$ cat upload_23.csv   # CSV, C-alpha atoms and all ligand atoms
chain,number,residue,atom,x,y,z
A,1,MET,CA,5.6,-82.3,27.2
A,2,LEU,CA,7.4,-81.8,30.5
A,3,ARG,CA,5.6,-83.5,33.4
A,4,PHE,CA,6.4,-84.7,36.9
A,5,LEU,CA,5.0,-86.8,39.6
A,6,THR,CA,5.9,-87.0,43.3
A,7,ALA,CA,5.3,-89.7,45.9
A,8,GLY,CA,6.1,-89.9,49.6
A,9,GLU,CA,4.8,-88.9,53.0
A,10,SER,CA,6.1,-86.4,55.4
A,11,HIS,CA,7.4,-88.9,58.0
A,12,GLY,CA,7.8,-91.9,55.7
A,13,LYS,CA,11.1,-93.1,54.4
A,14,GLY,CA,11.4,-90.4,51.8
A,15,LEU,CA,10.2,-88.7,48.7
A,16,VAL,CA,10.4,-89.7,45.0
A,17,ALA,CA,10.2,-87.3,42.1
A,18,ILE,CA,10.0,-88.3,38.5
A,19,LEU,CA,10.4,-85.7,35.8
A,20,GLU,CA,9.7,-86.8,32.3
A,21,GLY,CA,10.2,-84.9,29.0
A,22,MET,CA,13.6,-83.3,29.8
A,23,PRO,CA,15.8,-83.2,26.7
A,24,ALA,CA,19.3,-84.5,26.7
A,25,GLY,CA,22.3,-82.3,27.3
A,26,ILE,CA,21.3,-80.1,30.3
A,27,ASP,CA,24.1,-79.7,32.8
A,28,VAL,CA,23.4,-81.0,36.2
A,29,TYR,CA,25.4,-80.2,39.4
A,30,GLU,CA,24.4,-82.0,42.5
A,31,LYS,CA,25.8,-79.2,44.6
A,32,GLU,CA,23.4,-76.7,43.0
A,33,LEU,CA,20.5,-79.0,43.5
A,34,LEU,CA,21.4,-79.4,47.2
A,35,SER,CA,21.6,-75.6,47.5
A,36,GLU,CA,18.1,-75.2,46.0
A,37,LEU,CA,16.7,-77.8,48.4
A,38,SER,CA,18.3,-76.0,51.4
A,39,ARG,CA,16.9,-72.6,50.2
A,40,ARG,CA,13.5,-74.1,50.4
A,41,ARG,CA,14.0,-75.9,53.7
A,42,LYS,CA,15.5,-73.1,55.8
A,43,GLY,CA,14.3,-69.7,56.8
A,44,TYR,CA,13.3,-67.8,59.9
A,45,GLY,CA,10.0,-69.2,61.2
A,46,ARG,CA,10.6,-72.7,60.1
A,47,GLY,CA,10.2,-75.3,62.9
A,48,LYS,CA,12.6,-77.8,64.3
A,49,ARG,CA,12.1,-80.2,61.4
A,50,ALA,CA,14.2,-78.0,59.1
A,51,ASN,CA,17.2,-78.8,61.3
A,52,ILE,CA,16.6,-82.5,61.3
A,53,GLU,CA,16.4,-82.8,57.6
A,54,ASP,CA,19.4,-82.3,55.3
A,55,ASP,CA,17.6,-83.2,52.1
A,56,GLU,CA,20.2,-85.8,51.1
A,57,PHE,CA,19.2,-87.1,47.7
A,58,GLU,CA,20.1,-89.5,45.0
A,59,ILE,CA,19.5,-89.0,41.3
A,60,ILE,CA,18.8,-92.6,40.2
A,61,SER,CA,18.1,-92.1,36.5
A,62,GLY,CA,18.1,-89.7,33.6
A,63,VAL,CA,21.5,-88.1,34.3
A,64,SER,CA,24.8,-89.4,33.1
A,65,ASN,CA,28.3,-87.8,33.3
A,66,GLY,CA,26.7,-84.6,34.7
A,67,LYS,CA,24.2,-84.2,31.9
A,68,THR,CA,20.6,-85.2,31.3
A,69,THR,CA,20.2,-88.1,28.9
A,70,GLY,CA,16.6,-87.5,27.8
A,71,ALA,CA,15.3,-90.4,29.9
A,72,PRO,CA,12.9,-89.8,32.8
A,73,ILE,CA,14.8,-88.3,35.7
A,74,ALA,CA,14.2,-89.9,39.1
A,75,VAL,CA,15.3,-88.3,42.3
A,76,VAL,CA,15.0,-90.0,45.7
A,77,LEU,CA,15.1,-87.8,48.8
A,78,LYS,CA,15.5,-89.1,52.3
A,79,ASN,CA,13.4,-88.1,55.3
A,80,LYS,CA,15.9,-88.2,58.2
A,81,ASP,CA,13.0,-87.8,60.6
A,82,TYR,CA,11.7,-91.2,59.6
A,83,GLU,CA,14.2,-92.7,62.1
A,84,ASN,CA,12.5,-90.7,64.9
A,85,TRP,CA,9.0,-91.7,63.8
A,86,LYS,CA,9.7,-95.4,63.2
A,87,GLY,CA,7.5,-97.6,65.4
A,88,LYS,CA,5.6,-94.6,66.7
A,89,TYR,CA,2.2,-93.5,65.6
A,90,VAL,CA,0.5,-90.2,66.5
A,91,PRO,CA,-3.1,-90.1,65.4
A,92,ILE,CA,-4.9,-86.8,64.6
A,93,PHE,CA,-8.4,-87.2,66.0
A,94,SER,CA,-9.2,-83.5,66.2
A,95,PRO,CA,-8.6,-81.8,62.8
A,96,ARG,CA,-6.7,-78.6,62.6
A,97,PRO,CA,-8.8,-75.8,61.0
A,98,GLY,CA,-7.1,-74.7,57.8
A,99,HIS,CA,-5.1,-77.9,57.3
A,100,ALA,CA,-6.3,-80.8,55.0
A,101,ASP,CA,-7.3,-82.9,58.1
A,102,TYR,CA,-11.0,-82.3,58.2
A,103,PRO,CA,-12.0,-82.5,54.5
A,104,GLY,CA,-9.4,-85.2,54.0
A,105,ALA,CA,-11.0,-87.3,56.8
A,106,LEU,CA,-14.5,-86.8,55.4
A,107,LYS,CA,-13.4,-87.6,51.8
A,108,TYR,CA,-11.4,-90.7,52.5
A,109,GLY,CA,-13.5,-92.0,55.4
A,110,PHE,CA,-11.0,-91.7,58.3
A,111,LYS,CA,-11.7,-90.9,62.0
A,112,ASP,CA,-8.0,-90.3,62.3
A,113,ALA,CA,-6.6,-87.7,59.9
A,114,ARG,CA,-2.9,-88.8,60.2
A,115,PRO,CA,-2.8,-90.4,56.7
A,116,VAL,CA,-4.2,-87.1,55.3
A,117,ALA,CA,-1.7,-84.9,57.0
A,118,GLU,CA,1.2,-87.1,56.0
A,119,ARG,CA,0.6,-86.5,52.3
A,120,ALA,CA,-0.9,-83.0,52.5
A,121,SER,CA,2.2,-81.9,54.3
A,122,ALA,CA,4.4,-79.4,52.4
A,123,ARG,CA,7.3,-81.8,52.9
A,124,GLU,CA,6.3,-82.9,49.4
A,125,THR,CA,7.4,-79.5,48.0
A,126,ALA,CA,11.0,-80.7,48.4
A,127,ALA,CA,10.4,-83.1,45.5
A,128,ARG,CA,8.9,-80.3,43.5
A,129,VAL,CA,12.0,-78.2,44.1
A,130,ALA,CA,14.1,-81.1,42.9
A,131,CYS,CA,12.2,-81.2,39.6
A,132,GLY,CA,12.2,-77.4,39.4
A,133,TYR,CA,16.0,-77.5,39.5
A,134,PHE,CA,16.2,-79.3,36.2
A,135,ALA,CA,13.6,-76.9,34.7
A,136,LYS,CA,15.7,-73.9,35.9
A,137,LYS,CA,18.8,-75.4,34.2
A,138,LEU,CA,16.9,-75.8,30.9
A,139,LEU,CA,15.7,-72.2,31.2
A,140,GLU,CA,19.2,-71.1,32.0
A,141,LYS,CA,20.4,-72.4,28.6
A,142,ALA,CA,17.7,-70.2,27.0
A,143,GLY,CA,18.9,-67.2,29.1
A,144,VAL,CA,15.8,-67.2,31.4
A,145,ARG,CA,16.1,-66.8,35.2
A,146,VAL,CA,13.4,-67.2,37.7
A,147,VAL,CA,13.8,-65.2,41.0
A,148,SER,CA,11.6,-64.4,44.0
A,149,TRP,CA,11.4,-62.3,47.1
A,150,VAL,CA,9.0,-61.7,50.0
A,151,ILE,CA,7.1,-58.4,50.2
A,152,SER,CA,5.2,-58.8,53.4
A,153,ILE,CA,4.7,-61.1,56.5
A,154,GLY,CA,1.6,-60.5,58.5
A,155,GLU,CA,1.2,-56.7,58.6
A,156,ILE,CA,4.8,-55.9,58.1
A,157,PHE,CA,5.4,-54.6,54.6
A,158,ALA,CA,8.7,-54.2,52.9
A,159,ASN,CA,9.7,-50.7,51.7
A,160,LEU,CA,10.8,-51.5,48.1
A,161,PRO,CA,11.2,-49.8,44.8
A,162,SER,CA,7.8,-49.0,43.3
A,163,GLU,CA,5.6,-51.9,42.0
A,164,GLU,CA,5.9,-50.4,38.6
A,165,GLU,CA,9.7,-50.6,38.7
A,166,ARG,CA,9.7,-54.1,40.3
A,167,MET,CA,7.5,-55.4,37.4
A,168,LYS,CA,9.4,-53.7,34.7
A,169,ASP,CA,13.0,-53.5,35.5
A,170,GLU,CA,15.2,-56.6,35.2
A,171,LYS,CA,18.1,-55.0,37.1
A,172,THR,CA,15.8,-54.2,40.0
A,173,ALA,CA,14.5,-57.8,40.0
A,174,PHE,CA,18.0,-59.2,40.2
A,175,TYR,CA,19.0,-56.6,42.9
A,176,LEU,CA,15.9,-57.5,45.0
A,177,PHE,CA,16.6,-61.2,44.6
A,178,GLU,CA,20.2,-60.8,45.7
A,179,LEU,CA,19.2,-58.9,48.8
A,180,ALA,CA,16.4,-61.4,49.6
A,181,GLU,CA,18.9,-64.2,49.5
A,182,LYS,CA,20.8,-62.5,52.3
A,183,SER,CA,17.7,-62.2,54.5
A,184,GLU,CA,16.5,-65.0,56.8
A,185,VAL,CA,12.9,-64.2,55.8
A,186,ARG,CA,13.8,-63.7,52.1
A,187,CYS,CA,12.8,-60.1,52.1
A,188,PRO,CA,15.0,-57.6,50.3
A,189,ASP,CA,14.3,-54.8,52.8
A,190,LEU,CA,16.6,-55.6,55.5
A,191,THR,CA,15.0,-53.3,58.0
A,192,ALA,CA,11.6,-54.9,57.4
A,193,SER,CA,13.3,-58.3,57.6
A,194,GLN,CA,14.2,-57.5,61.2
A,195,LYS,CA,10.6,-56.5,62.0
A,196,MET,CA,9.4,-59.6,60.3
A,197,LYS,CA,11.6,-61.8,62.4
A,198,GLU,CA,10.3,-59.9,65.5
A,199,ILE,CA,6.6,-60.6,64.6
A,200,ILE,CA,7.5,-64.2,63.9
A,201,ASP,CA,9.0,-64.5,67.4
A,202,GLU,CA,5.8,-62.8,68.8
A,203,ALA,CA,3.6,-65.3,67.0
A,204,ARG,CA,5.7,-68.2,68.2
A,205,GLU,CA,5.5,-67.0,71.8
A,206,LYS,CA,1.7,-66.7,71.5
A,207,GLY,CA,1.4,-70.2,69.9
A,208,ASP,CA,0.2,-68.4,66.8
A,209,THR,CA,1.3,-68.4,63.1
A,210,LEU,CA,1.7,-66.0,60.1
A,211,GLY,CA,1.4,-65.8,56.4
A,212,GLY,CA,2.5,-63.2,53.8
A,213,VAL,CA,3.0,-62.3,50.2
A,214,PHE,CA,5.9,-62.9,47.8
A,215,GLU,CA,6.7,-62.0,44.2
A,216,VAL,CA,8.2,-64.2,41.4
A,217,ALA,CA,9.8,-62.8,38.3
A,218,ALA,CA,11.0,-64.7,35.2
A,219,VAL,CA,13.6,-62.5,33.6
A,220,ASN,CA,14.3,-62.6,29.9
A,221,ALA,CA,11.4,-65.0,29.0
A,222,PRO,CA,10.9,-65.0,25.3
A,223,ALA,CA,7.7,-63.8,23.7
A,224,GLY,CA,5.2,-66.4,22.5
A,225,LEU,CA,5.1,-69.0,25.4
A,226,GLY,CA,1.6,-70.3,25.9
A,227,SER,CA,-1.3,-69.6,23.6
A,228,PHE,CA,-4.7,-67.9,23.3
A,229,VAL,CA,-6.1,-70.7,21.2
A,230,HIS,CA,-7.4,-72.9,24.1
A,231,TRP,CA,-8.1,-72.3,27.8
A,232,ASP,CA,-5.5,-74.8,29.1
A,233,ARG,CA,-2.8,-73.4,26.9
A,234,ARG,CA,-3.0,-69.9,28.4
A,235,LEU,CA,0.3,-69.2,30.2
A,236,ASP,CA,-1.3,-67.1,32.9
A,237,ALA,CA,-3.7,-69.9,33.7
A,238,ARG,CA,-1.0,-72.5,33.7
A,239,LEU,CA,1.2,-70.3,36.0
A,240,SER,CA,-1.5,-69.5,38.5
A,241,THR,CA,-2.6,-73.2,38.7
A,242,ALA,CA,1.0,-74.2,39.4
A,243,VAL,CA,1.5,-71.6,42.1
A,244,MET,CA,-1.9,-72.1,43.6
A,245,SER,CA,-1.1,-75.8,44.0
A,246,ILE,CA,1.5,-75.0,46.6
A,247,PRO,CA,0.0,-75.8,50.1
A,248,GLY,CA,-1.1,-72.6,51.8
A,249,ILE,CA,-1.3,-70.4,48.7
A,250,LYS,CA,-4.6,-68.6,48.5
A,251,GLY,CA,-4.2,-65.9,45.9
A,252,VAL,CA,-2.1,-65.4,42.7
A,253,GLU,CA,-1.9,-62.2,40.8
A,254,ILE,CA,-0.3,-61.6,37.4
A,255,GLY,CA,1.2,-58.2,36.9
A,256,LEU,CA,-0.9,-55.5,38.6
A,257,GLY,CA,-3.4,-58.3,39.5
A,258,PHE,CA,-6.5,-57.1,41.4
A,259,LYS,CA,-5.4,-53.5,41.3
A,260,VAL,CA,-5.8,-53.3,37.5
A,261,ALA,CA,-9.6,-53.5,38.0
A,262,ASN,CA,-9.6,-50.0,39.5
A,263,LEU,CA,-7.9,-48.3,36.6
A,264,PHE,CA,-9.1,-46.7,33.4
A,265,GLY,CA,-8.1,-48.7,30.4
A,266,SER,CA,-5.8,-45.8,29.3
A,267,LYS,CA,-3.8,-46.2,32.5
A,268,ALA,CA,-3.9,-50.0,32.7
A,269,GLN,CA,-2.7,-51.2,29.3
A,270,ASP,CA,1.0,-51.2,28.4
A,271,ILE,CA,1.4,-48.9,25.4
A,272,ILE,CA,3.1,-50.4,22.4
A,273,GLY,CA,5.7,-48.0,21.1
A,274,GLY,CA,8.5,-50.2,20.0
A,275,GLU,CA,9.9,-53.6,20.9
A,276,LYS,CA,9.8,-52.9,24.7
A,277,ARG,CA,6.8,-51.4,26.6
A,278,LEU,CA,7.2,-48.4,28.9
A,279,THR,CA,5.2,-50.2,31.6
A,280,ASN,CA,4.6,-53.9,32.4
A,281,ASN,CA,1.2,-53.8,34.2
A,282,ALA,CA,0.3,-57.1,32.4
A,283,GLY,CA,3.2,-58.9,34.1
A,284,GLY,CA,4.6,-60.0,30.7
A,285,ILE,CA,1.4,-61.9,29.6
A,286,GLU,CA,-1.3,-60.9,27.2
A,287,GLY,CA,-3.8,-63.2,25.6
A,288,GLY,CA,-2.3,-66.1,27.5
A,289,MET,CA,1.1,-65.6,25.8
A,290,SER,CA,4.3,-64.1,27.1
A,291,ASN,CA,4.9,-60.8,25.4
A,292,GLY,CA,8.6,-60.4,25.8
A,293,GLU,CA,8.4,-58.4,29.0
A,294,MET,CA,9.4,-59.8,32.4
A,295,ILE,CA,6.9,-62.4,33.6
A,296,PHE,CA,5.8,-61.2,37.0
A,297,LEU,CA,3.4,-62.7,39.6
A,298,ARG,CA,2.6,-62.3,43.2
A,299,ALA,CA,1.1,-64.9,45.6
A,300,ALA,CA,-0.5,-64.7,49.0
A,301,MET,CA,0.2,-67.4,51.6
A,302,LYS,CA,-2.2,-67.9,54.5
A,303,PRO,CA,-1.0,-68.3,58.1
A,304,ILE,CA,0.2,-71.8,58.9
A,305,PRO,CA,-2.8,-73.9,60.2
A,306,THR,CA,-1.1,-75.8,63.1
A,307,LEU,CA,-1.3,-73.6,66.1
A,308,GLN,CA,0.4,-74.4,69.4
A,309,ASN,CA,-2.4,-72.5,71.0
A,310,PRO,CA,-5.0,-74.6,69.2
A,311,LEU,CA,-8.4,-73.4,67.9
A,312,PRO,CA,-11.7,-75.1,68.6
A,313,SER,CA,-12.3,-78.4,66.7
A,314,VAL,CA,-14.2,-81.6,67.2
A,315,ASP,CA,-13.1,-85.2,67.9
A,316,LEU,CA,-13.8,-87.1,64.7
A,317,ARG,CA,-14.8,-90.2,66.6
A,318,THR,CA,-17.5,-88.6,68.6
A,319,MET,CA,-18.0,-85.2,66.9
A,320,GLU,CA,-17.8,-83.7,70.4
A,321,LYS,CA,-16.2,-80.3,70.8
A,322,THR,CA,-12.5,-80.2,71.7
A,323,LEU,CA,-9.4,-78.4,70.7
A,324,ALA,CA,-7.5,-79.0,67.5
A,325,HIS,CA,-4.5,-81.3,67.4
A,326,ALA,CA,-1.2,-79.5,68.0
A,327,GLU,CA,2.2,-80.8,67.0
A,328,ARG,CA,5.6,-79.5,66.0
A,329,SER,CA,5.2,-77.0,63.2
A,330,ASP,CA,6.5,-74.0,61.3
A,331,VAL,CA,5.4,-70.6,62.5
A,332,CYS,CA,5.9,-68.9,59.1
A,333,ALA,CA,7.1,-70.4,55.8
A,334,VAL,CA,6.5,-67.6,53.3
A,335,GLY,CA,10.2,-67.5,52.1
A,336,SER,CA,10.2,-71.2,51.6
A,337,ALA,CA,6.9,-71.1,49.7
A,338,ALA,CA,8.5,-68.5,47.4
A,339,VAL,CA,11.3,-70.9,46.6
A,340,VAL,CA,8.8,-73.6,45.8
A,341,ALA,CA,6.9,-71.1,43.6
A,342,GLU,CA,10.2,-70.4,41.7
A,343,SER,CA,10.3,-74.1,40.9
A,344,MET,CA,6.7,-74.3,39.9
A,345,VAL,CA,7.1,-71.3,37.6
A,346,ALA,CA,10.3,-72.7,36.1
A,347,LEU,CA,8.5,-76.1,35.4
A,348,VAL,CA,5.6,-74.3,33.6
A,349,LEU,CA,8.0,-72.1,31.6
A,350,ALA,CA,10.3,-74.9,30.7
A,351,ASP,CA,7.3,-76.9,29.5
A,352,ALA,CA,6.1,-74.0,27.4
A,353,LEU,CA,9.5,-73.4,26.0
A,354,LEU,CA,9.8,-77.0,24.9
A,355,GLU,CA,6.5,-76.7,23.2
A,356,GLU,CA,7.8,-73.8,21.2
A,357,ARG,CA,11.3,-75.1,20.5
A,358,GLY,CA,11.1,-78.8,20.9
A,359,GLY,CA,14.2,-80.8,20.5
A,360,SER,CA,15.4,-84.0,22.1
A,361,ARG,CA,18.8,-82.5,22.8
A,362,TRP,CA,19.8,-79.1,23.9
A,401,LIG,C1,7.0,-74.6,52.8
A,401,LIG,C2,5.7,-74.8,53.5
A,401,LIG,C3,5.8,-75.2,54.9
A,401,LIG,C4,4.6,-75.4,55.6
A,401,LIG,N1,4.7,-75.8,56.9
A,401,LIG,C5,3.6,-76.1,57.6
A,401,LIG,C6,3.7,-76.5,58.9
A,401,LIG,O1,4.7,-76.6,59.5
A,401,LIG,N2,2.5,-76.7,59.6
A,401,LIG,C7,1.3,-76.6,59.0
A,401,LIG,O2,0.3,-76.8,59.6
A,401,LIG,N3,1.2,-76.2,57.7
A,401,LIG,C8,2.3,-75.9,57.0
A,401,LIG,N4,2.2,-75.5,55.7
A,401,LIG,C9,0.9,-75.3,55.1
A,401,LIG,C10,0.1,-76.5,55.0
A,401,LIG,O3,0.8,-77.6,54.3
A,401,LIG,C11,-1.2,-76.2,54.2
A,401,LIG,O4,-1.9,-75.1,54.8
A,401,LIG,C12,-2.1,-77.4,54.2
A,401,LIG,O5,-1.6,-78.5,53.4
A,401,LIG,C13,-3.6,-77.1,53.7
A,401,LIG,O6,-3.6,-76.7,52.4
A,401,LIG,P1,-4.2,-75.3,52.0
A,401,LIG,O7,-3.6,-74.3,53.0
A,401,LIG,O8,-3.6,-75.0,50.6
A,401,LIG,O9,-5.6,-75.3,52.1
A,401,LIG,C14,3.4,-75.3,54.9
A,401,LIG,C15,3.3,-74.9,53.6
A,401,LIG,C16,4.5,-74.7,52.9
A,401,LIG,C17,4.4,-74.3,51.4
A,402,LIG,C1,8.9,-81.1,56.5
A,402,LIG,C2,8.7,-80.0,55.9
A,402,LIG,O1,7.7,-79.2,56.2
A,402,LIG,C3,6.7,-79.6,57.0
A,402,LIG,C4,5.4,-79.1,56.4
A,402,LIG,C5,4.2,-79.3,57.4
A,402,LIG,C6,2.9,-79.2,56.9
A,402,LIG,O2,1.9,-79.6,57.6
A,402,LIG,O3,2.7,-78.8,55.7
A,402,LIG,C7,4.5,-79.6,58.7
A,402,LIG,C8,5.8,-79.6,59.3
A,402,LIG,O4,6.2,-81.0,59.5
A,402,LIG,P1,6.7,-81.6,60.9
A,402,LIG,O5,5.4,-81.8,61.6
A,402,LIG,O6,7.4,-82.8,60.6
A,402,LIG,O7,7.5,-80.5,61.6
A,402,LIG,C9,6.9,-79.0,58.4
A,402,LIG,O8,8.1,-79.2,58.9
A,402,LIG,C10,9.6,-79.5,54.8
A,402,LIG,O9,9.3,-78.4,54.3
A,402,LIG,O10,10.6,-80.2,54.5
$ encode --input "upload_23.csv" --output "structure tokens"
Amino acid sequence: MLRFLTAGESHGKGLVAILEGMPAGIDVYEKELLSELSRRRKGYGRGKRANIEDDEFEIISGVSNGKTTGAPIAVVLKNKDYENWKGKYVPIFSPRPGHADYPGALKYGFKDARPVAERASARETAARVACGYFAKKLLEKAGVRVVSWVISIGEIFANLPSEEERMKDEKTAFYLFELAEKSEVRCPDLTASQKMKEIIDEAREKGDTLGGVFEVAAVNAPAGLGSFVHWDRRLDARLSTAVMSIPGIKGVEIGLGFKVANLFGSKAQDIIGGEKRLTNNAGGIEGGMSNGEMIFLRAAMKPIPTLQNPLPSVDLRTMEKTLAHAERSDVCAVGSAAVVAESMVALVLADALLEERGGSRW
């Protein structure tokens, strides 16, 4: 079983990730890990914090001579911003609607939501991407690649090859990914990317924020990952839980997703006429198992909750009406969330692959 834990707060000394269950013999390149971390951290719409951090890390166990050893892997990531926060304390008395502040304060009995915000913050997703890197390297050995791209931000939609083609065609997936990597918002349509940047600027000027939708594809995933025999072994359930756990994600669709509900069965199912299907409406998963087609999912991220032009809230100490707390924040982080989703998908698929193939060394 591949499992991981993370610890650390957004403005504390740093983050710790422990990944357990990795077999020995997986190649590890620190440069590649650093590049994965910077793919997550950067992007148009991210706030000033992204330029403060450089995601300097240290792998303190589980890797020797550039290969995993089979022992738990521990990665420590520094928060450079810690130095700026040291000795300072900024309480959050008026919870930001949409952030974890209010329910977190109620749950843990705080009048100041700062301790909630510190751990709820998506800074934690840097530790997930560190774990995801190792999962990606294991998948790479099995010929599987996980890629992502953004399809919309606010009401700006990318003009892309048809959904049918995106879900079915591996070459299209790689092509879209390559283009997305060149875009500051991680959108393969470079004209739409420009418009996306413009509405992000507009939102920033108004003290507002944006969300959007991205897609993740796992290319060349073998058939038989996951199982129908029990609810928590179903691959689609495992993938959607993993992606839904990313802060801000409010919807996950596999394959055609919600649209499939509007079709006749004859149009919805992927006809079996040989080893490969003509369509991939199922997003590569039937009966909770991968079916040998590309695994394909889509996720919706809500707009960032911290608004510089804050919404009404209350003071937790008095319950009197006031405006929500405002502080430095991202305006839009959909491209970053897509990178985190790649990691979460890779971790689920690597776990499922190890269930199938086992092995202490690869
Ligand atoms: C990469 C990334 C960056 C984020 N940046 C911010 C941010 O700067 N400000 C903010 O208020 N929320 C940000 N969020 C979203 C919040 O962390 C999230 O909305 C909050 O934890 C509440 O969780 P929920 O939206 O899942 O309910 C970010 C999320 C991700 C994935
Ligand atoms: C630090 C990261 O994301 C943070 C996620 C986040 C939130 O509330 O989720 C709030 C912001 O933190 P700060 O208030 O320090 O600017 C983001 O920058 C990161 O992704 O590395």
$ residues_near_ligand --input "upload_23.csv" --ligand "ligand LIG 401 (chain A)" --cutoff "7 Å" --atoms "all atoms listed in the file" --output "JSON, numbers by chain"
{"A": [40, 47, 98, 99, 100, 120, 121, 122, 125, 246, 247, 248, 249, 250, 302, 304, 305, 306, 329, 330, 331, 333, 336, 337]}
$ closest_residue --input "upload_23.csv" --among "A:Cys332, A:Leu160, A:Leu263, A:Met319" --to "Lys197 in chain A" --atoms "all atoms listed in the file"
A:Cys332
$ atom_distance --input "upload_23.csv" --atom1 "CA of Ser290 in chain A" --atom2 "CA of Val348 in chain A"
12.2 Å
$ residues_near_point --input "upload_23.csv" --point "(11.5, -92.3, 53.6)" --cutoff "6 Å" --atoms "only C-alpha atoms" --output "list in words"
Gly12, Lys13, Gly14, Lys78 and Asn79 of chain A
$ closest_residue --input "upload_23.csv" --among "A:Ala71, A:Leu225, A:Met22, A:Leu37" --to "Arg123 in chain A" --atoms "all atoms listed in the file"
A:Leu37
$ closest_residue --input "upload_23.csv" --among "A:Ala352, A:Val213, A:Val63, A:Val116" --to "ligand LIG 402 (chain A)" --atoms "only C-alpha atoms and all ligand atoms"
A:Val116
$ residues_near_point --input "upload_23.csv" --point "(6.8, -87.8, 34.7)" --cutoff "8 Å" --atoms "all atoms listed in the file" --output "ChimeraX atom specification"
/A:2-5,18-21,72
$ atom_distance --input "upload_23.csv" --atom1 "CA of Leu235 in chain A" --atom2 "CA of Ile285 in chain A"
7.4 Å
$ closest_residue --input "upload_23.csv" --among "A:Ser61, A:Ser148, A:Gln308, A:Thr6" --to "Glu215 in chain A" --atoms "all atoms listed in the file"
A:Ser148
$ residues_around --input "upload_23.csv" --residues "Val150 in chain A" --least-positions-apart "3" --cutoff "6 Å" --atoms "all atoms listed in the file" --output "number ranges by chain"
A: 186-187, 214
$ decode --input "upload_23.csv" --residues "range 239-252 of chain A" --atoms "N, CA and C atoms" --output "mmCIF file, in the first residue's frame"
data_model
loop_
_atom_site.group_PDB
_atom_site.id
_atom_site.type_symbol
_atom_site.label_atom_id
_atom_site.label_comp_id
_atom_site.auth_asym_id
_atom_site.auth_seq_id
_atom_site.Cartn_x
_atom_site.Cartn_y
_atom_site.Cartn_z
ATOM 1 N N LEU A 239 -10.060 8.053 -7.233
ATOM 2 C CA LEU A 239 -9.537 9.236 -7.940
ATOM 3 C C LEU A 239 -10.324 10.485 -7.568
ATOM 4 N N SER A 240 -11.660 10.338 -7.501
ATOM 5 C CA SER A 240 -12.432 11.558 -7.219
ATOM 6 C C SER A 240 -12.223 12.017 -5.786
ATOM 7 N N THR A 241 -12.070 11.101 -4.852
ATOM 8 C CA THR A 241 -11.755 11.507 -3.472
ATOM 9 C C THR A 241 -10.436 12.270 -3.454
ATOM 10 N N ALA A 242 -9.451 11.712 -4.136
ATOM 11 C CA ALA A 242 -8.113 12.322 -4.120
ATOM 12 C C ALA A 242 -8.148 13.732 -4.709
ATOM 13 N N VAL A 243 -8.858 13.902 -5.816
ATOM 14 C CA VAL A 243 -8.877 15.219 -6.469
ATOM 15 C C VAL A 243 -9.760 16.184 -5.673
ATOM 16 N N MET A 244 -10.873 15.667 -5.150
ATOM 17 C CA MET A 244 -11.785 16.512 -4.358
ATOM 18 C C MET A 244 -11.114 17.008 -3.071
ATOM 19 N N SER A 245 -10.074 16.303 -2.630
ATOM 20 C CA SER A 245 -9.404 16.706 -1.379
ATOM 21 C C SER A 245 -8.517 17.935 -1.566
ATOM 22 N N ILE A 246 -8.342 18.371 -2.798
ATOM 23 C CA ILE A 246 -7.505 19.563 -3.034
ATOM 24 C C ILE A 246 -8.316 20.806 -2.650
ATOM 25 N N PRO A 247 -7.759 21.695 -1.832
ATOM 26 C CA PRO A 247 -8.523 22.873 -1.418
ATOM 27 C C PRO A 247 -9.094 23.626 -2.615
ATOM 28 N N GLY A 248 -10.369 23.940 -2.537
ATOM 29 C CA GLY A 248 -11.013 24.716 -3.597
ATOM 30 C C GLY A 248 -11.708 23.884 -4.653
ATOM 31 N N ILE A 249 -11.469 22.572 -4.711
ATOM 32 C CA ILE A 249 -12.101 21.740 -5.742
ATOM 33 C C ILE A 249 -13.520 21.384 -5.305
ATOM 34 N N LYS A 250 -14.484 21.669 -6.180
ATOM 35 C CA LYS A 250 -15.896 21.477 -5.823
ATOM 36 C C LYS A 250 -16.608 20.494 -6.733
ATOM 37 N N GLY A 251 -15.961 20.016 -7.772
ATOM 38 C CA GLY A 251 -16.607 19.031 -8.646
ATOM 39 C C GLY A 251 -15.569 18.204 -9.358
ATOM 40 N N VAL A 252 -15.845 16.905 -9.488
ATOM 41 C CA VAL A 252 -14.948 16.033 -10.263
ATOM 42 C C VAL A 252 -15.832 15.191 -11.183
#
